[in-house]
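The next block holds one structure in the form of structure tokens; read it before the comments.
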Amino acid sequence: MARDFLTNTINPKDPDGPWTGVTIPGFLIERCYKDNPTRYQNFRVVKTVLDDPKRIFSGVRVYNQGGWCYTGRPEQWHIREQVTAPFPAHLVFAVYLNPNMVVYEFRAEVADEEDPMSPRGWQDRYGGLIWKSIS
């Protein structure tokens, strides 16, 4: 089994404090590598979003309380296994973490018309916007 990948990001519980650890599970990496090479390549985008998030949302998990959604817009992403392209302006890339700061999902989503760094309908989907990049 593949090893877990560890990285750091803004702490959603203390955005102005020190960064916190995030785990990308080895089984998720391995599954993507075997089943979906394009998705596997986009782990680079996951890292880019976690390194420089533009929004952090709370309350993303309905059945298991807690969780976070980090969003951003990378310059490039993989659209096929060996093909990169500019990230589309009408999308935002979302990285979902459980309450233990473990990535369980990531994907491009249609951006909100009023806030293009947020997924469309975020007000109805998440508990709230807890942090917003000002840069």
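In the structure tokens, chains take letters A, B, ... by order of appearance, with residues numbered from 1 within each chain and ligands from 1 in the order shown.
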
List every residue of stretch 19-122 of chain A that DSSP, applied to the backbone, labels as strand (DSSP E or B), and write the result as an MDAnalysis selection string. chainID A and resid 20:24 55:58 68:72 76:80 83:86 91:97 102:111 119

What lies within 12 Å of A:Arg120 using only C-alpha atoms, ignoring chain neighbours under 5 positions off, as number ranges by chain? A: 71, 90-94, 108-115, 125-126

If you count only C-alpha atoms, which residues fall within 6 Å of A:Trp19, apart from same-chain ones fewer than 2 positions away, as a PyMOL selection string? chain A and resi 9-11

Residue selection dump (N, CA and C atoms) as an mmCIF file, in the first residue's frame:
data_model
loop_
_atom_site.group_PDB
_atom_site.id
_atom_site.type_symbol
_atom_site.label_atom_id
_atom_site.label_comp_id
_atom_site.auth_asym_id
_atom_site.auth_seq_id
_atom_site.Cartn_x
_atom_site.Cartn_y
_atom_site.Cartn_z
ATOM 1 N N THR A 9 -1.354 23.191 5.911
ATOM 2 C CA THR A 9 -2.222 24.219 5.365
ATOM 3 C C THR A 9 -2.692 25.116 6.502
ATOM 4 N N ILE A 10 -3.436 26.137 6.158
ATOM 5 C CA ILE A 10 -4.001 27.043 7.152
ATOM 6 C C ILE A 10 -4.909 26.244 8.076
ATOM 7 N N ASN A 11 -4.768 26.483 9.365
ATOM 8 C CA ASN A 11 -5.595 25.793 10.359
ATOM 9 C C ASN A 11 -6.997 26.401 10.337
#

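Between atom CA of A:Pro99 and atom CA of A:Gly66 the interatomic distance comes to 5.3 Å.
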
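Of the residues under consideration (A:Glu105, A:Asp14, A:Glu75, A:Asp4), A:Asp14 shows the shortest atom-to-atom contact distance to A:Ile56 when counting only C-alpha atoms.
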
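Residues in contact with A:Arg55 at up to 6 Å, not including ones fewer than 6 positions away on its chain and judged by only C-alpha atoms, are A:Tyr70, A:Thr71, A:Trp131, A:Lys132.
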
Next, write the just-selected residues to a file, as an mmCIF file, in the first residue's frame, keeping C-alpha atoms as the atom set.
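Writing done, so here's selection35.cif:
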data_model
loop_
_atom_site.group_PDB
_atom_site.id
_atom_site.type_symbol
_atom_site.label_atom_id
_atom_site.label_comp_id
_atom_site.auth_asym_id
_atom_site.auth_seq_id
_atom_site.Cartn_x
_atom_site.Cartn_y
_atom_site.Cartn_z
ATOM 1 C CA TYR A 70 -10.655 24.403 0.858
ATOM 2 C CA THR A 71 -10.983 26.084 -2.517
ATOM 3 C CA TRP A 131 -11.906 32.160 6.124
ATOM 4 C CA LYS A 132 -11.372 34.217 2.978
#

Name the residues in contact with A:Ile79 at a cut-off of 9 Å, using only C-alpha atoms, excluding same-chain residues fewer than 2 positions from it; report them as a PyMOL selection string. chain A and resi 38-39+42+77+81-85

10 Å contact set for stretch 24-29 of chain A, only C-alpha atoms, chain neighbours under 3 positions out, as a PyMOL selection string: chain A and resi 1-7+32-34+39-41+43+46-47+97+101-105

Mind checking which residues fall within 12 Å of A:Ser135, counting only C-alpha atoms, ignoring those fewer than 6 positions away in the same chain, and posting them as a PDB file with N, CA, C and O atoms, in the first residue's frame?
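Done, and the output landed in result-v2.pdb:
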ATOM      1  N   ASP A  52      -2.173  27.358  -0.902  1.00  0.00           N
ATOM      2  CA  ASP A  52      -2.631  28.731  -1.112  1.00  0.00           C
ATOM      3  C   ASP A  52      -4.151  28.776  -1.269  1.00  0.00           C
ATOM      4  O   ASP A  52      -4.660  29.131  -2.333  1.00  0.00           O
ATOM      5  N   PRO A  53      -4.882  28.409  -0.211  1.00  0.00           N
ATOM      6  CA  PRO A  53      -6.347  28.409  -0.339  1.00  0.00           C
ATOM      7  C   PRO A  53      -6.896  29.834  -0.470  1.00  0.00           C
ATOM      8  O   PRO A  53      -6.298  30.785   0.039  1.00  0.00           O
ATOM      9  N   LYS A  54      -8.022  29.931  -1.142  1.00  0.00           N
ATOM     10  CA  LYS A  54      -8.701  31.228  -1.278  1.00  0.00           C
ATOM     11  C   LYS A  54      -9.934  31.316  -0.386  1.00  0.00           C
ATOM     12  O   LYS A  54     -10.344  32.400   0.007  1.00  0.00           O
ATOM     13  N   ARG A  55     -10.534  30.155  -0.080  1.00  0.00           N
ATOM     14  CA  ARG A  55     -11.681  30.096   0.824  1.00  0.00           C
ATOM     15  C   ARG A  55     -11.584  28.812   1.635  1.00  0.00           C
ATOM     16  O   ARG A  55     -11.104  27.792   1.142  1.00  0.00           O
TER      17      ARG A  55
END

Give the helix (DSSP H, G or I) residues of stretch 22-115 of chain A, as assigned by DSSP on the backbone, as a short mmCIF file (atom, residue, chain, number, x, y, z; two decimals) with all heavy atoms, in the first residue's frame.
data_model
loop_
_atom_site.label_atom_id
_atom_site.label_comp_id
_atom_site.auth_asym_id
_atom_site.auth_seq_id
_atom_site.Cartn_x
_atom_site.Cartn_y
_atom_site.Cartn_z
N GLY A 26 -2.70 7.23 1.69
CA GLY A 26 -2.04 6.42 0.68
C GLY A 26 -3.00 5.58 -0.14
O GLY A 26 -2.81 5.42 -1.34
N PHE A 27 -4.06 5.09 0.50
CA PHE A 27 -5.02 4.26 -0.25
C PHE A 27 -5.74 5.09 -1.31
O PHE A 27 -6.04 4.59 -2.39
CB PHE A 27 -6.02 3.57 0.68
CG PHE A 27 -7.08 4.47 1.24
CD1 PHE A 27 -8.23 4.76 0.53
CD2 PHE A 27 -6.92 5.06 2.49
CE1 PHE A 27 -9.21 5.60 1.05
CE2 PHE A 27 -7.88 5.90 3.02
CZ PHE A 27 -9.02 6.18 2.30
N LEU A 28 -5.97 6.38 -1.05
CA LEU A 28 -6.62 7.25 -2.03
C LEU A 28 -5.66 7.52 -3.20
O LEU A 28 -6.06 7.46 -4.37
CB LEU A 28 -7.06 8.56 -1.38
CG LEU A 28 -7.76 9.58 -2.26
CD1 LEU A 28 -9.05 9.00 -2.84
CD2 LEU A 28 -8.05 10.85 -1.46
N ILE A 29 -4.41 7.78 -2.87
CA ILE A 29 -3.40 8.00 -3.91
C ILE A 29 -3.27 6.75 -4.78
O ILE A 29 -3.28 6.84 -6.01
CB ILE A 29 -2.05 8.35 -3.26
CG1 ILE A 29 -2.15 9.69 -2.50
CG2 ILE A 29 -0.94 8.40 -4.31
CD1 ILE A 29 -0.98 9.98 -1.59
N GLU A 30 -3.17 5.59 -4.15
CA GLU A 30 -3.00 4.33 -4.88
C GLU A 30 -4.22 4.03 -5.75
O GLU A 30 -4.08 3.62 -6.91
CB GLU A 30 -2.76 3.20 -3.89
CG GLU A 30 -2.45 1.88 -4.55
CD GLU A 30 -2.07 0.82 -3.51
OE1 GLU A 30 -2.59 0.87 -2.37
OE2 GLU A 30 -1.27 -0.05 -3.87
N ARG A 31 -5.40 4.24 -5.21
CA ARG A 31 -6.62 3.98 -5.98
C ARG A 31 -6.68 4.86 -7.23
O ARG A 31 -7.01 4.39 -8.32
CB ARG A 31 -7.86 4.18 -5.12
CG ARG A 31 -9.14 3.80 -5.85
CD ARG A 31 -10.35 3.85 -4.98
NE ARG A 31 -10.52 5.20 -4.48
CZ ARG A 31 -11.14 5.52 -3.35
NH1 ARG A 31 -11.65 4.59 -2.59
NH2 ARG A 31 -11.26 6.76 -2.97
N CYS A 32 -6.35 6.13 -7.07
CA CYS A 32 -6.35 7.03 -8.23
C CYS A 32 -5.28 6.63 -9.24
O CYS A 32 -5.52 6.67 -10.45
CB CYS A 32 -6.15 8.47 -7.78
SG CYS A 32 -7.55 9.15 -6.88
N TYR A 33 -4.12 6.24 -8.75
CA TYR A 33 -3.03 5.82 -9.63
C TYR A 33 -3.47 4.64 -10.50
O TYR A 33 -3.20 4.60 -11.70
CB TYR A 33 -1.80 5.46 -8.81
CG TYR A 33 -0.63 5.00 -9.63
CD1 TYR A 33 0.17 5.92 -10.30
CD2 TYR A 33 -0.33 3.64 -9.75
CE1 TYR A 33 1.25 5.50 -11.06
CE2 TYR A 33 0.74 3.21 -10.51
CZ TYR A 33 1.53 4.14 -11.16
OH TYR A 33 2.59 3.73 -11.91
N LYS A 34 -4.15 3.68 -9.88
CA LYS A 34 -4.56 2.47 -10.59
C LYS A 34 -5.78 2.69 -11.47
O LYS A 34 -5.87 2.16 -12.58
CB LYS A 34 -4.87 1.36 -9.60
CG LYS A 34 -3.66 0.80 -8.91
CD LYS A 34 -4.06 -0.28 -7.93
CE LYS A 34 -2.86 -0.89 -7.24
NZ LYS A 34 -3.26 -1.91 -6.25
N ASP A 35 -6.76 3.45 -10.97
CA ASP A 35 -8.06 3.53 -11.63
C ASP A 35 -8.28 4.78 -12.48
O ASP A 35 -9.13 4.76 -13.37
CB ASP A 35 -9.18 3.46 -10.59
CG ASP A 35 -9.19 2.16 -9.82
OD1 ASP A 35 -8.62 1.17 -10.32
OD2 ASP A 35 -9.76 2.14 -8.70
N PRO A 37 -5.74 7.72 -13.90
CA PRO A 37 -4.45 8.42 -13.99
C PRO A 37 -4.58 9.95 -14.04
O PRO A 37 -3.73 10.65 -13.51
CB PRO A 37 -3.83 7.87 -15.27
CG PRO A 37 -4.47 6.55 -15.49
CD PRO A 37 -5.87 6.70 -14.94
N THR A 38 -5.62 10.45 -14.67
CA THR A 38 -5.80 11.90 -14.72
C THR A 38 -6.07 12.45 -13.33
O THR A 38 -5.47 13.45 -12.91
CB THR A 38 -6.97 12.27 -15.66
OG1 THR A 38 -6.71 11.72 -16.95
CG2 THR A 38 -7.13 13.78 -15.77
N ARG A 39 -6.94 11.81 -12.61
CA ARG A 39 -7.22 12.21 -11.23
C ARG A 39 -5.95 12.13 -10.38
O ARG A 39 -5.68 13.00 -9.57
CB ARG A 39 -8.34 11.34 -10.66
CG ARG A 39 -8.82 11.74 -9.29
CD ARG A 39 -10.11 10.97 -8.98
NE ARG A 39 -10.47 11.03 -7.58
CZ ARG A 39 -11.12 12.03 -7.00
NH1 ARG A 39 -11.45 13.08 -7.70
NH2 ARG A 39 -11.43 11.98 -5.72
N TYR A 40 -5.18 11.08 -10.59
CA TYR A 40 -3.91 10.93 -9.86
C TYR A 40 -3.00 12.13 -10.10
O TYR A 40 -2.41 12.67 -9.17
CB TYR A 40 -3.23 9.63 -10.28
CG TYR A 40 -1.84 9.47 -9.75
CD1 TYR A 40 -1.63 9.11 -8.42
CD2 TYR A 40 -0.73 9.71 -10.56
CE1 TYR A 40 -0.34 8.98 -7.92
CE2 TYR A 40 0.55 9.57 -10.06
CZ TYR A 40 0.74 9.22 -8.75
OH TYR A 40 2.02 9.08 -8.25
N GLN A 41 -2.88 12.55 -11.35
CA GLN A 41 -2.03 13.70 -11.68
C GLN A 41 -2.52 14.98 -10.99
O GLN A 41 -1.73 15.86 -10.67
CB GLN A 41 -1.96 13.91 -13.19
CG GLN A 41 -1.27 12.81 -13.95
CD GLN A 41 0.20 12.68 -13.58
OE1 GLN A 41 0.88 13.67 -13.31
NE2 GLN A 41 0.70 11.46 -13.55
N PHE A 43 -3.42 15.36 -8.04
CA PHE A 43 -2.99 15.54 -6.65
C PHE A 43 -2.06 16.75 -6.53
O PHE A 43 -1.96 17.37 -5.48
CB PHE A 43 -2.29 14.28 -6.10
CG PHE A 43 -3.24 13.25 -5.59
CD1 PHE A 43 -3.41 12.06 -6.25
CD2 PHE A 43 -3.98 13.48 -4.44
CE1 PHE A 43 -4.31 11.09 -5.78
CE2 PHE A 43 -4.87 12.53 -3.95
CZ PHE A 43 -5.03 11.34 -4.63
N ARG A 44 -1.39 17.11 -7.62
CA ARG A 44 -0.59 18.34 -7.63
C ARG A 44 -1.47 19.55 -7.38
O ARG A 44 -1.09 20.49 -6.69
CB ARG A 44 0.15 18.48 -8.96
CG ARG A 44 1.21 17.46 -9.19
CD ARG A 44 1.93 17.73 -10.52
NE ARG A 44 2.94 16.73 -10.76
CZ ARG A 44 2.80 15.73 -11.62
NH1 ARG A 44 1.69 15.58 -12.32
NH2 ARG A 44 3.77 14.86 -11.77
N VAL A 45 -2.66 19.54 -7.95
CA VAL A 45 -3.59 20.64 -7.76
C VAL A 45 -4.08 20.66 -6.31
O VAL A 45 -4.23 21.73 -5.72
CB VAL A 45 -4.77 20.55 -8.76
CG1 VAL A 45 -5.76 21.68 -8.53
CG2 VAL A 45 -4.26 20.57 -10.20
N VAL A 46 -4.33 19.49 -5.74
CA VAL A 46 -4.72 19.41 -4.33
C VAL A 46 -3.66 20.13 -3.48
O VAL A 46 -3.99 20.97 -2.63
CB VAL A 46 -4.88 17.94 -3.87
CG1 VAL A 46 -5.05 17.86 -2.36
CG2 VAL A 46 -6.05 17.28 -4.59
N LYS A 47 -2.41 19.82 -3.72
CA LYS A 47 -1.32 20.44 -2.97
C LYS A 47 -1.29 21.95 -3.20
O LYS A 47 -1.12 22.74 -2.25
CB LYS A 47 0.02 19.80 -3.37
CG LYS A 47 1.24 20.41 -2.73
CD LYS A 47 1.47 19.90 -1.35
CE LYS A 47 2.87 20.26 -0.84
NZ LYS A 47 2.92 21.46 -0.06
N THR A 48 -1.49 22.39 -4.42
CA THR A 48 -1.52 23.82 -4.74
C THR A 48 -2.62 24.53 -3.97
O THR A 48 -2.40 25.61 -3.40
CB THR A 48 -1.72 24.02 -6.26
OG1 THR A 48 -0.62 23.44 -6.95
CG2 THR A 48 -1.83 25.49 -6.62
N VAL A 49 -3.80 23.94 -3.92
CA VAL A 49 -4.93 24.56 -3.20
C VAL A 49 -4.65 24.59 -1.70
O VAL A 49 -4.92 25.60 -1.04
CB VAL A 49 -6.26 23.84 -3.52
CG1 VAL A 49 -7.38 24.29 -2.60
CG2 VAL A 49 -6.63 24.07 -4.98
N LEU A 50 -4.12 23.52 -1.16
CA LEU A 50 -3.83 23.50 0.28
C LEU A 50 -2.70 24.48 0.63
O LEU A 50 -2.70 25.06 1.72
CB LEU A 50 -3.47 22.10 0.74
CG LEU A 50 -4.62 21.09 0.68
CD1 LEU A 50 -4.12 19.69 1.02
CD2 LEU A 50 -5.76 21.49 1.61
N ASP A 51 -1.76 24.69 -0.28
CA ASP A 51 -0.68 25.65 -0.05
C ASP A 51 -1.14 27.09 -0.11
O ASP A 51 -0.56 27.97 0.54
CB ASP A 51 0.43 25.46 -1.08
CG ASP A 51 1.30 24.24 -0.83
OD1 ASP A 51 1.20 23.65 0.27
OD2 ASP A 51 2.07 23.89 -1.74
#

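When only C-alpha atoms are used to measure the gap to A:Val22, the shortest distance among A:Gly67, A:Val60, A:Arg73, A:Asn8 belongs to A:Asn8.
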